[in-house]
Every structure is written in C-alpha cells, then in structure tokens.
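K.L.:
Supplied in structure tokens, the structure appears directly below.
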Amino acid sequence: MGKWIELQAVPGARDRWVRAEPFGGTVSFRRPEMLVMVDHAFLGQRQPKSATASGRLDPAAPYEAHLTVGHRCTVGCPGCYIDAREDGPAELGFDEWQRVLDKLASLGVFHVALGAGESTPLAFLIDLAHYARGLGITPNLSTAGLHLTPRLAQKLGVFGRVHLSLDGAGRDHMRGRVGFASALMSLRILRAYHPRVGVNCVVTRASFPGLGRLFRMLKREGVVDVELLRFKPAGRGAELFAQMDLTTEQKRTVVQKVLQLARRYRMRPRLDCSFAPMVCAAGYDPTRLVRMGLAGCVGGSWLVAVDGRGCLSACSFDNTAGALSWSDLGRPGMMTPFTNWIDQAPSPCAECRWLQVCRGGCHVVARHLTGDFNAPDPGCPLVQAQA
Amino acid sequence: MNRKAKTKGSVLSVRTGSNPNSSSLGVDVTWLLGGGVLVGLLTMVGQTLTRWALTRAKSKHGQMD
C-alpha cells in the first residue's frame, strides 16, 4: 500500500507531515495527489479557544503560489493577463527566484505553479523546479508550448504536472503566434515524455459552443485532465473582456454542459475559482461543495501570486500588484481586501447560502465591471437573477 | 455513533489533484456526477488514507507535529 501512497512532508520542516491550521491541519499527499483538511479532533488535539468560530477553511499559510516568472514574450496572445510583451519589464534573476522559493518553503507552501512569458527559457523553469523539489515543494508548470522539443520535454519530469494552454480545437485556439497545429504538436511531445499532462483552456463566448469539439479532440489524444478558466479582465484581457465574457445563458448552463462532456468522454474537467458562482448557482448542496474542495475567491488565503518583477498579490489577476513585494510574504494582514471580503459581504451575497463556498465570485471581474472591488461578481447567475 | 465520530474528528475537505495552472485555482468537478454519493466516497477515502498515512508516519518518524 505504501507504494501507492506518498505523503508530502511540510516544506521547510523535516519529518513534519501535518501543517497546523486554525481549523485543525492539512495533510498533503503526493500520491494520490490530494490535500486533506482535517479538524483538531482528527489529529487528537483539543480545539483551541482561538480556533476560527466561522468554520471557514482559511489556512495558516497559502497552499500554493503562482509564480509568473517572466513578463517578456513574443507569442502575443490577444488576451494575455499579464500583458507580456517582447520588451516587457526587467525580471527577477535565478538567485532572486531561489530566495522567493526559500521564503515559500519557510511558510510551508505545498505547491508552486510556474508560468512565464514564452521568451523565458523552459530550461530556466526546469532549474527552478529542481530547486523547489529540493525544498520539498511540488512544482507544476503551465506553458503555451513554444519552442518545446522532445529533448526539453524529457527534462520536464521534475514537474508534478504539466499543462498546455489550449483554448479550443482548431480556430477556437487563440494564442498569438502559437497556432493550433503547433500547440497540438507540443501536446503530443509532452504526452510522450510526461505521465501527467493536461490542458488549460480559457473559455470565451466564442469558444463555448466548441467545448464538445475540444473534449473529443483531447479524448482522441489521450488527455483526460482539462482545466477550464473563465476569461479575466486583466492585462490585455481588460479591453477584450466585454466581447470575451460568457453570455448570461452560457454562464447559467456551463456547469451542466461541462459535466455532460465529462460523462460522455470520461474526462476529468476542473473549473477554476472564478467559476465558483456558476457551480453554486447550479444548486449543489454547499456542504458537499466544501467537502470536494470547491472554493471561490481564495486569493491571499489558499494562494498567492508573485510576478516576474517580484510583486506579490492575492492572485495573478489582481492588478493592484506593485504595492507589495515577495519579501512581504507571510506578513499578517497583507491581503485583507481579499481575505476579509466575506465578513463585509454586500447583498445579495450576504444572504446567499453559498457565501462561505463562493466568497463573492471573482473580485477582479467585479472591480472591472462595477468599479467596486467589494461588489458581488456581476457574472454570478444568482446575482443576475436578483438584479 | 455521533459521539464516536466526534472523538475521532472529521475530514473537512478533500481536494484532489494538484493545481496545474499558474493563474487561478481549479477544482475537479467530476465529483459532482452521481449525486452526493461520489463526494461521500471521496471524503471516506480521504479519511481512510489520511488516518493510515498519519499512523504510519507517526510510527516511522515519531512525533509528527
């Protein structure tokens, strides 16, 4: 049995297998890949008086960090959320990224997800991933697949999981210079050399009807893991948001459609945190959603992001980045607009039975559409119904 | 039964897979298929594995925390 189960020791802490949390503890497994959150009693501990009375699963430190390693890129994706350009700003060097990883390990962060403008050599990311492994952190990678060769792909084994950005089958793919044929070739190379390869797909108004084609194509290619992301109004995406955002009807039906496709093609789709309002609006029992790990906006709580300039933010789409630096990691109260949102949730979120799960949907979308970070996500079908 | 469960504590949440995306956090929604049965099963599996692994880690490495 031990062969099939592998615990991940808390990074930065030798022989410690449970990370202490206000609600109890978190156990991370490498095999099977999962995070299990348990209460104090499960660990044989008495519930401390300071334990959160709200019952919210806010951990003591982030579970994962998103590291956007580079801002320079020649691909030119029209909706790039970091507005990466060929002449992007100066970026952190390898030594500085090592220090970022040291800091994350000292906090007990379990996973890092690396991404970069595609001018950042994959070899750089591979070296960083090795460094992360040495600290006990599991690195994952998302890439557009530019310049990917079999030789390079062989070295990607250091990553726990590698996902290729693929926004749809054929014309739905919108990644600048990386056309669909090129992306498909990269996918095949990755599949040949890595056991855990999947696809990240940004779902837009135009690509939504073609989701079935994408699932069919992925099934044919032997890919079962696909992460679907809502288009975000960040970076160059801000200008395109009005035409890329899903229609009201698409938002209302997206969850059922994805589940139908999952059943039909026997695939394992993941929906990103900004889809939480749509999952909740589909009517599932909130307790069940918490049990399976669904969480809406957990920016600054479950996750943090560090960009290529070293700016720290609650999530990669938070365009207020610049006020904080990676050296602020771990400083208490640094992400309060995100983490305290739920305590001051406005109506109709305040009365919503999914509030603790959804946490108001995507605040970046809310800020873009209403000018108010604290407003409910206008894309939530329940909010729309109230309006 | 309730008392027993209370003493043994409970699993609050199980997140399967690790997040492969460097911009947002995804969750595996296939657990929503099959009504509440799959989520119940997931919790049970998470609980069993965690108890087993923690007991094993404890005996191998002494105090865990």
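Convention: chains lettered A, B, ... in structure tokens order; per-chain residue numbering from 1; ligands numbered from 1 as shown.
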Once you count only C-alpha atoms, which residues of chain B turn out to be within 8 Å of chain A? Could you give them as a VMD selection string?
P.N.:
chain B and resid 6 to 33 36 39 42 to 43 46 50 53 to 54 57 61 64 to 65
K.L.:
Run DSSP on the backbone of this structure and report the residues of chain B it assigns to strand (DSSP E or B), as a list in words.
P.N.:
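Selection result, strand (DSSP E or B) within chain B: Val11, Leu12, Ser13, Val14, Arg15, Thr16, Gly26, Val27 and Asp28 of chain B.
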K.L.:
Which parts of range 53-161 of chain A does DSSP call alpha helix (DSSP H) when run on the backbone here, written out as an NGL selection string?
P.N.:
:A and (94-107 or 122-134 or 150-154)
K.L.:
What's around range 86-88 of chain A at 8 Å? Count only C-alpha atoms, leave out sequence neighbours fewer than 3 positions away in its own chain, and write the answer as a list in words.
P.N.:
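These residues fall inside the cut-off: His71, Arg72, Cys73, Thr74 and Ser119 of chain A.
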K.L.:
Keeping N, CA, C and O atoms for every residue in the selection just given, could you write it to a file as a tab-separated table (two decimals), in the first residue's frame?
P.N.:
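Saved as selection_6.tsv:
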```tsv
chain	number	residue	atom	x	y	z
A	71	HIS	N	7.86	38.30	-17.86
A	71	HIS	CA	6.90	39.20	-18.49
A	71	HIS	C	7.25	39.47	-19.94
A	71	HIS	O	6.61	40.27	-20.60
A	72	ARG	N	8.32	38.85	-20.41
A	72	ARG	CA	8.72	39.08	-21.80
A	72	ARG	C	8.24	37.91	-22.63
A	72	ARG	O	8.45	36.75	-22.25
A	73	CYS	N	7.61	38.24	-23.73
A	73	CYS	CA	7.03	37.16	-24.52
A	73	CYS	C	6.83	37.63	-25.96
A	73	CYS	O	6.46	38.78	-26.19
A	74	THR	N	7.07	36.71	-26.88
A	74	THR	CA	6.90	37.06	-28.29
A	74	THR	C	5.64	36.44	-28.88
A	74	THR	O	5.33	36.63	-30.05
A	119	SER	N	9.18	33.75	-23.71
A	119	SER	CA	10.59	34.04	-24.01
A	119	SER	C	11.48	33.57	-22.87
A	119	SER	O	12.69	33.50	-23.00
```
K.L.:
Just checking: using only C-alpha atoms, which residue out of A:Ala60, A:Leu104, A:Val75, A:Leu382 ends up closest to Trp326 in chain A?
P.N.:
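Distance minimum relative to Trp326 in chain A lands on A:Leu104.
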